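Student: File start-v4.cif below, mmCIF, C-alpha atoms and all ligand atoms:
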data_start
#
loop_
_atom_site.label_atom_id
_atom_site.label_comp_id
_atom_site.auth_asym_id
_atom_site.auth_seq_id
_atom_site.Cartn_x
_atom_site.Cartn_y
_atom_site.Cartn_z
CA MET A 201 -137.17 85.47 193.09
CA SER A 202 -139.02 82.91 195.19
CA GLY A 203 -142.69 83.75 195.25
CA ASP A 204 -142.57 85.53 191.96
CA ILE A 205 -145.78 85.45 190.00
CA SER A 206 -145.62 86.31 186.39
CA LYS A 207 -147.67 86.46 183.25
CA GLU A 208 -147.48 83.69 180.72
CA GLY A 209 -145.09 84.66 177.95
CA PRO A 210 -141.41 85.07 177.38
CA LEU A 211 -141.09 88.61 178.65
CA ASN A 212 -142.24 87.79 182.10
CA ASP A 213 -142.65 84.11 182.29
CA VAL A 214 -143.99 81.44 184.48
CA LYS A 215 -141.95 80.48 187.48
CA ARG A 216 -141.47 76.79 187.71
CA ILE A 217 -139.82 75.12 190.63
CA ILE A 218 -139.56 71.52 189.68
CA GLY A 219 -137.56 68.75 191.16
CA GLY A 220 -137.57 65.11 192.01
CA GLN A 221 -140.15 63.99 189.52
CA LYS A 222 -139.60 60.60 188.02
CA LYS A 223 -139.63 60.40 184.29
CA LEU A 224 -143.04 59.12 183.32
CA SER A 225 -143.94 57.15 180.28
CA LYS A 226 -145.07 59.32 177.44
CA PRO A 227 -148.73 60.20 177.91
CA ASP A 228 -150.95 59.87 174.88
CA TYR A 229 -151.68 63.57 174.63
CA ILE A 230 -148.07 64.13 173.60
CA SER A 231 -148.47 63.26 169.98
CA ASN A 232 -145.77 61.43 168.11
CA THR A 233 -145.67 63.94 165.36
CA ARG A 234 -145.18 67.14 167.20
CA LEU A 235 -146.90 70.22 165.98
CA ASN A 236 -144.50 72.42 164.16
CA PHE A 237 -144.64 76.12 163.97
CA ASP A 238 -146.01 76.85 160.57
CA GLN A 239 -145.63 80.25 159.01
CA GLN A 240 -148.83 79.75 157.05
CA TRP A 241 -150.90 80.16 160.23
CA VAL A 242 -149.51 83.59 160.81
CA GLY A 243 -150.71 86.40 158.65
CA THR A 244 -154.38 85.61 158.32
CA LEU A 245 -155.31 84.66 161.87
CA SER A 246 -158.91 84.80 160.67
CA SER A 247 -160.07 81.89 162.81
CA LEU A 248 -158.30 83.24 165.86
CA GLN A 249 -160.65 86.22 165.90
CA LYS A 250 -163.58 83.85 166.45
CA LEU A 251 -162.04 82.74 169.73
CA GLY A 252 -162.53 86.30 170.97
CA LEU A 253 -166.23 86.46 170.07
CA HIS A 254 -168.83 85.75 172.72
CA ILE A 255 -170.68 82.49 172.11
CA ASP A 256 -173.18 83.43 174.84
CA ARG A 257 -173.78 86.03 177.51
CA ALA A 258 -172.24 84.85 180.75
CA VAL A 259 -173.07 86.11 184.22
CA TYR A 260 -170.75 85.22 187.09
CA PRO A 261 -172.36 85.58 190.51
CA ASN A 262 -169.84 85.80 193.33
CA LYS A 263 -170.69 82.33 194.53
CA GLY A 264 -172.51 79.81 192.44
CA GLU A 265 -172.44 78.58 188.92
CA THR A 266 -172.34 79.67 185.32
CA HIS A 267 -173.54 77.83 182.25
CA ILE A 268 -172.50 78.91 178.79
CA HIS A 269 -173.87 77.51 175.59
CA GLY A 270 -173.16 78.42 172.01
CA GLU A 271 -173.07 76.54 168.74
CA ASN A 272 -172.31 72.92 169.72
CA ILE A 273 -170.36 73.57 172.91
CA SER A 274 -171.50 73.98 176.51
CA LEU A 275 -169.40 74.99 179.50
CA SER A 276 -170.58 74.54 183.09
CA MET A 277 -168.70 75.70 186.13
CA GLN A 278 -169.20 76.05 189.86
CA TYR A 279 -167.02 78.20 192.05
CA GLU A 280 -166.84 80.10 195.28
CA PRO A 281 -165.02 83.21 196.42
CA ILE A 282 -161.48 83.15 197.84
CA PRO A 283 -160.87 82.77 200.73
CA SER A 284 -162.84 79.55 200.72
CA ASP A 285 -163.09 76.61 203.10
CA ASP A 286 -161.87 74.58 200.17
CA VAL A 287 -158.50 76.34 199.95
CA PRO A 288 -155.85 76.11 202.70
CA GLU A 289 -155.45 79.48 204.38
CA LYS A 290 -151.76 79.59 203.47
CA ILE A 291 -152.58 79.38 199.76
CA SER A 292 -155.37 81.98 199.87
CA LYS A 293 -153.14 84.34 201.82
CA TYR A 294 -150.20 83.91 199.46
CA PHE A 295 -152.41 84.42 196.43
CA LEU A 296 -154.30 87.44 197.71
CA GLU A 297 -151.04 89.10 198.68
CA HIS A 298 -149.74 88.78 195.12
CA ILE A 299 -152.64 90.28 193.21
CA PRO A 300 -153.66 93.91 192.92
CA ASN A 301 -155.82 95.17 195.80
CA HIS A 302 -158.77 96.03 193.64
CA GLN A 303 -159.01 92.43 192.38
CA ARG A 304 -159.17 90.76 195.77
CA GLU A 305 -162.94 90.50 195.95
CA SER A 306 -163.32 89.03 192.50
CA TRP A 307 -161.16 85.88 192.53
CA LYS A 308 -162.90 82.54 192.84
CA VAL A 309 -161.80 78.95 193.24
CA MET A 310 -163.24 76.59 190.67
CA ARG A 311 -165.13 73.66 192.20
CA SER A 312 -166.23 72.04 188.97
CA PHE A 313 -165.73 72.72 185.30
CA SER A 314 -166.93 70.67 182.38
CA VAL A 315 -167.09 71.09 178.64
CA THR A 316 -169.75 69.23 176.65
CA ASN A 317 -170.25 68.80 172.95
CA SER A 318 -174.00 69.01 172.64
CA THR A 319 -173.96 67.34 169.23
CA ASN A 320 -172.32 64.09 170.29
CA ASN A 321 -172.56 64.42 174.10
CA LYS A 322 -168.80 64.05 174.55
CA LYS A 323 -167.82 65.54 177.87
CA LEU A 324 -164.52 66.73 179.32
CA ASP A 325 -164.21 67.07 183.07
CA VAL A 326 -161.55 69.78 183.28
CA MET A 327 -161.14 69.37 187.05
CA GLU A 328 -160.07 65.77 186.49
CA LEU A 329 -157.16 67.04 184.41
CA VAL A 330 -155.89 69.20 187.23
CA LEU A 331 -153.16 67.32 189.07
CA PRO A 332 -153.46 66.72 192.82
CA GLY A 333 -152.46 69.75 194.86
CA TYR A 334 -153.32 72.20 192.07
CA ARG A 335 -156.25 74.59 192.11
CA ILE A 336 -157.84 76.75 189.46
CA PHE A 337 -158.37 80.34 190.54
CA PHE A 338 -160.63 82.31 188.26
CA ARG A 339 -161.60 85.93 187.88
CA PRO A 340 -164.29 87.07 185.43
CA SER A 341 -162.81 89.80 183.31
CA SER A 342 -162.97 91.24 179.83
CA GLY A 343 -159.26 90.54 179.35
CA ASP A 344 -157.53 87.21 178.93
CA TYR A 345 -154.74 86.34 181.27
CA ALA A 346 -153.34 83.03 182.45
CA ARG A 347 -150.37 81.74 184.34
CA VAL A 348 -149.20 78.94 186.57
CA ILE A 349 -147.88 79.66 190.03
CA HIS A 350 -145.44 77.11 191.42
CA ASP A 351 -143.88 78.09 194.67
CA ASN A 352 -142.94 75.27 197.02
CA ASP A 353 -146.28 73.70 197.93
CA ILE A 354 -148.37 76.45 196.38
CA ASN A 355 -149.65 75.34 193.00
CA VAL A 356 -152.25 77.48 191.33
CA ILE A 357 -153.48 77.78 187.78
CA GLN A 358 -154.65 81.34 187.53
CA ILE A 359 -157.01 82.44 184.80
CA SER A 360 -158.91 85.63 184.20
CA GLY A 361 -161.25 86.11 181.30
CA ASP A 362 -164.73 85.31 180.15
CA PHE A 363 -165.37 81.69 179.23
CA ALA A 364 -168.04 82.87 176.80
CA GLN A 365 -164.99 83.75 174.70
CA LEU A 366 -163.42 80.40 173.88
CA ARG A 367 -159.92 81.89 173.95
CA THR A 368 -160.25 81.77 177.75
CA LEU A 369 -160.92 78.04 177.63
CA LEU A 370 -157.85 77.62 175.42
CA SER A 371 -155.73 79.66 177.81
CA LEU A 372 -156.86 77.55 180.75
CA MET A 373 -156.20 74.32 178.87
CA HIS A 374 -152.77 75.60 177.82
CA GLU A 375 -151.76 76.23 181.42
CA ILE A 376 -153.07 72.83 182.52
CA GLY A 377 -151.07 71.44 179.60
CA HIS A 378 -147.89 73.04 180.97
CA VAL A 379 -148.43 71.31 184.31
CA HIS A 380 -148.83 67.93 182.61
CA VAL A 381 -145.92 68.48 180.25
CA ASP A 382 -143.62 69.53 183.12
CA LYS A 383 -144.35 66.27 184.90
CA GLN A 384 -143.25 64.16 181.99
CA TYR A 385 -139.83 65.75 181.58
CA ASP A 386 -137.00 64.19 183.48
CA PRO A 387 -135.88 66.47 186.31
CA ASP A 388 -132.74 67.68 184.49
CA MET A 389 -134.73 68.74 181.45
CA ALA A 390 -137.40 70.38 183.59
CA LYS A 391 -134.75 72.37 185.43
CA LYS A 392 -132.99 73.31 182.23
CA ILE A 393 -136.19 74.70 180.70
CA THR A 394 -136.98 76.61 183.89
CA ASP A 395 -133.49 78.11 183.92
CA ILE A 396 -133.62 79.10 180.25
CA ARG A 397 -137.03 80.73 180.72
CA LYS A 398 -135.64 82.90 183.48
CA VAL A 399 -133.05 84.47 181.17
CA TYR A 400 -134.90 84.15 177.87
CA THR A 401 -135.27 87.89 177.47
CA ASN A 402 -131.97 88.80 179.10
CA TYR A 403 -129.81 89.32 176.05
CA SER A 404 -126.64 89.60 178.11
CA VAL A 405 -126.94 85.91 178.99
CA LYS A 406 -125.71 83.74 176.16
CA LEU A 407 -128.09 81.02 175.04
CA THR A 408 -127.67 78.65 172.14
CA GLN A 409 -130.26 78.25 169.44
CA ASN A 410 -130.93 74.84 170.95
CA ASP A 411 -131.63 76.37 174.36
CA LEU A 412 -134.03 78.88 172.83
CA GLN A 413 -135.71 76.14 170.85
CA LEU A 414 -136.35 74.11 174.01
CA VAL A 415 -138.66 76.81 175.35
CA VAL A 416 -140.52 76.95 172.06
CA GLN A 417 -140.85 73.16 172.11
CA ASP A 418 -142.13 73.37 175.69
CA GLU A 419 -144.80 75.80 174.49
CA ILE A 420 -145.66 73.55 171.57
CA ASN A 421 -146.00 70.58 173.95
CA ALA A 422 -148.53 72.52 176.01
CA TRP A 423 -150.41 73.39 172.80
CA ASP A 424 -150.35 69.74 171.79
CA PHE A 425 -152.25 69.03 174.99
CA VAL A 426 -154.85 71.69 174.14
CA LEU A 427 -155.35 70.39 170.63
CA LYS A 428 -155.63 66.79 171.76
CA LEU A 429 -158.04 67.42 174.63
CA LEU A 430 -160.28 69.86 172.76
CA GLN A 431 -160.44 67.77 169.59
CA PRO A 432 -163.85 66.26 170.52
CA PHE A 433 -165.33 69.76 170.73
CA ILE A 434 -164.14 71.05 167.39
CA ASN A 435 -167.02 71.89 165.14
CA PRO A 436 -166.35 70.86 161.53
CA SER A 437 -168.52 73.60 160.07
CA ALA A 438 -166.51 76.13 158.11
CA HIS A 439 -167.42 79.13 160.25
CA SER A 440 -167.42 77.52 163.67
CA PHE A 441 -166.14 79.24 166.80
CA LEU A 442 -163.86 76.37 167.74
CA SER A 443 -161.97 75.01 164.77
CA GLU A 444 -158.64 73.22 164.59
CA LYS A 445 -157.36 76.18 162.62
CA ALA A 446 -158.37 78.55 165.43
CA ILE A 447 -156.42 76.51 167.97
CA LYS A 448 -153.37 76.43 165.71
CA GLU A 449 -153.62 80.14 165.06
CA ASP A 450 -153.87 80.82 168.78
CA MET A 451 -150.72 78.76 169.18
CA ALA A 452 -148.97 80.57 166.34
CA TYR A 453 -149.98 83.91 167.79
CA SER A 454 -148.60 82.93 171.17
CA LEU A 455 -145.39 81.46 169.72
CA LYS A 456 -144.62 84.52 167.63
CA SER A 457 -143.34 86.39 170.67
CA TYR A 458 -140.94 83.56 171.43
CA TRP A 459 -139.79 83.46 167.82
CA LYS A 460 -139.28 87.19 167.77
CA ILE A 461 -136.81 86.85 170.63
CA ILE A 462 -134.99 84.00 168.92
CA ASP A 463 -134.70 86.05 165.74
CA GLU A 464 -133.41 89.06 167.62
CA ARG A 465 -130.93 87.00 169.58
CA LEU A 466 -129.65 85.30 166.44
CA GLY A 467 -129.59 88.52 164.48
CA ARG A 468 -132.14 87.31 161.94
CA ALA A 469 -134.79 89.40 160.31
CA PRO A 470 -137.89 88.93 162.48
CA ILE A 471 -140.79 86.95 161.06
CA SER A 472 -143.41 89.24 159.64
CA LEU A 473 -146.63 89.31 161.63
ZN ZN A 501 -147.17 78.55 177.68
#
Once more with this new file: its structure as structure tokens, please.
Tutor:
Amino acid sequence: MSGDISKEGPLNDVKRIIGGQKKLSKPDYISNTRLNFDQQWVGTLSSLQKLGLHIDRAVYPNKGETHIHGENISLSMQYEPIPSDDVPEKISKYFLEHIPNHQRESWKVMRSFSVTNSTNNKKLDVMELVLPGYRIFFRPSSGDYARVIHDNDINVIQISGDFAQLRTLLSLMHEIGHVHVDKQYDPDMAKKITDIRKVYTNYSVKLTQNDLQLVVQDEINAWDFVLKLLQPFINPSAHSFLSEKAIKEDMAYSLKSYWKIIDERLGRAPISL
């Protein structure tokens, strides 16, 4: 399955080839009190809907820049089409071979990406969060789709969506979070999680509840990263686009598919959603 590219999610999950990393000290975005899946977030999902609303109208020229501003948050990005002088030919070729033909003209490589809180001027340089050797490939689209490609020396965070819908920002941050979280596992744990993910939906492979839980915890760790990094951009007003509740609901919504599989595997009644 080398070279496999897959959608984020348990049914068809991210391929991770990890090895040789030293265990790093715990970065501060991994909070001490881990987020726990909380049933109360599921059911209403009222804030989650706001993440799908457009905070602005965004236009994405093939090469150039886009600025999005709504409420108290601004996003600025610069990009150019793939292939690009900025991307080794091997990576462009690999990537373009693995996406549908009709999409080939529309993928771009992100050159800069920042998020600013216009109320307090706090700024997040998203490109600085991307580890060396990784690139963000972006395609403007009305859908929302994100994944990480790890295949030998090809490391791409792939995102399609419209950043005028903040769910796309959350998806991008979640994938960047996975890359960071992977690096702080010791190699045995990283490999274990990768192996479990491969068979997560294959019910003929026996997995313990603990194994299944590891994948959920891995997801929660990536969400921890999102929550921590986007905290300065959360608007406290009750009806804001980006609230802490919205981020947690997005997480709950994403985790529900993992929980559904655990419930099915363990023969429990699935959580109601
Ligand atoms: Zn994930």
Student: Find the residues of segment 362-405 of chain A that sit at most 12 Å from segment 313-317 of chain A; for each, write down the nearest two atoms and how far apart they are in Å, to one decimal. Count only C-alpha atoms. Sort by chain, then by number going up, and give it as CSV.
Tutor:
residue,atom,partner,partner_atom,distance
A:Phe363,CA,A:Val315,CA,10.8
A:Ala364,CA,A:Val315,CA,12.0
A:Leu366,CA,A:Val315,CA,11.1
A:Leu369,CA,A:Val315,CA,9.3
A:Leu370,CA,A:Val315,CA,11.8
A:Leu372,CA,A:Phe313,CA,11.1
A:Met373,CA,A:Val315,CA,11.4
Student: At a cut-off of 12 Å, using all atoms listed in the file, what residues contact Phe433 of chain A? Leave out same-chain residues fewer than 5 positions from it and give the result as a PyMOL selection string.
Tutor: chain A and resi 270-275+314-324+366+369-370+426-428+440-444+447
Student: Go ahead and write the residues just picked, C-alpha atoms, as a compact mmCIF listing (two decimals), in the coordinates of the input.
Tutor:
# COMPACT_ATOMS: atom_id res chain seq x y z
CA GLY A 270 -173.16 78.42 172.01
CA GLU A 271 -173.07 76.54 168.74
CA ASN A 272 -172.31 72.92 169.72
CA ILE A 273 -170.36 73.57 172.91
CA SER A 274 -171.50 73.98 176.51
CA LEU A 275 -169.40 74.99 179.50
CA SER A 314 -166.93 70.67 182.38
CA VAL A 315 -167.09 71.09 178.64
CA THR A 316 -169.75 69.23 176.65
CA ASN A 317 -170.25 68.80 172.95
CA SER A 318 -174.00 69.01 172.64
CA THR A 319 -173.96 67.34 169.23
CA ASN A 320 -172.32 64.09 170.29
CA ASN A 321 -172.56 64.42 174.10
CA LYS A 322 -168.80 64.05 174.55
CA LYS A 323 -167.82 65.54 177.87
CA LEU A 324 -164.52 66.73 179.32
CA LEU A 366 -163.42 80.40 173.88
CA LEU A 369 -160.92 78.04 177.63
CA LEU A 370 -157.85 77.62 175.42
CA VAL A 426 -154.85 71.69 174.14
CA LEU A 427 -155.35 70.39 170.63
CA LYS A 428 -155.63 66.79 171.76
CA SER A 440 -167.42 77.52 163.67
CA PHE A 441 -166.14 79.24 166.80
CA LEU A 442 -163.86 76.37 167.74
CA SER A 443 -161.97 75.01 164.77
CA GLU A 444 -158.64 73.22 164.59
CA ILE A 447 -156.42 76.51 167.97
Student: So how far away is atom CA of His374 of chain A from atom CA of Lys263 of chain A, in Å?
Tutor: 25.4 Å
Student: I'd like the neighbourhood of segment 407-424 of chain A as number ranges by chain, where a residue qualifies if any of its atoms comes within 10 Å (using all atoms listed in the file), though same-chain residues fewer than 5 positions away should be ignored.
Tutor: A: 209-210, 229-231, 233-237, 370-371, 373-382, 385, 389-390, 392-397, 399-400, 402, 429-430, 447-448, 450-452, 454-459, 461-463, 465-466
Student: Restricting the calculation to all atoms listed in the file: of A:Pro340, A:Arg311, A:Ser247, A:Gly333, which residue gets closest to Val259 of chain A?
Tutor: A:Pro340
Student: What is the atom CA of Glu265 of chain A to atom CA of Met277 of chain A distance in Å?
Tutor: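 Result for atom CA of Glu265 of chain A versus atom CA of Met277 of chain A: 5.5 Å, one decimal.
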Student: Which residue out of A:His439, A:Arg335, A:Arg347, A:Lys460 has the minimum interatomic distance to ligand ZN 501 (chain A) when all atoms listed in the file are used?
Tutor: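 Of A:His439, A:Arg335, A:Arg347, A:Lys460, the one nearest ligand ZN 501 (chain A), counting all atoms listed in the file, is A:Arg347.
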Student: What does the structure give for the distance between atom CA of Asn355 of chain A and atom CA of Met310 of chain A, in Å to one decimal?
Tutor: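 Separation of atom CA of Asn355 of chain A and atom CA of Met310 of chain A: 13.8 Å.
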Student: A:Leu253, A:Val348, A:Ala438, A:Val405: which is nearest ligand ZN 501 (chain A), counting only C-alpha atoms and all ligand atoms?
Tutor: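 Using only C-alpha atoms and all ligand atoms, the shortest distance to ligand ZN 501 (chain A) belongs to A:Val348.
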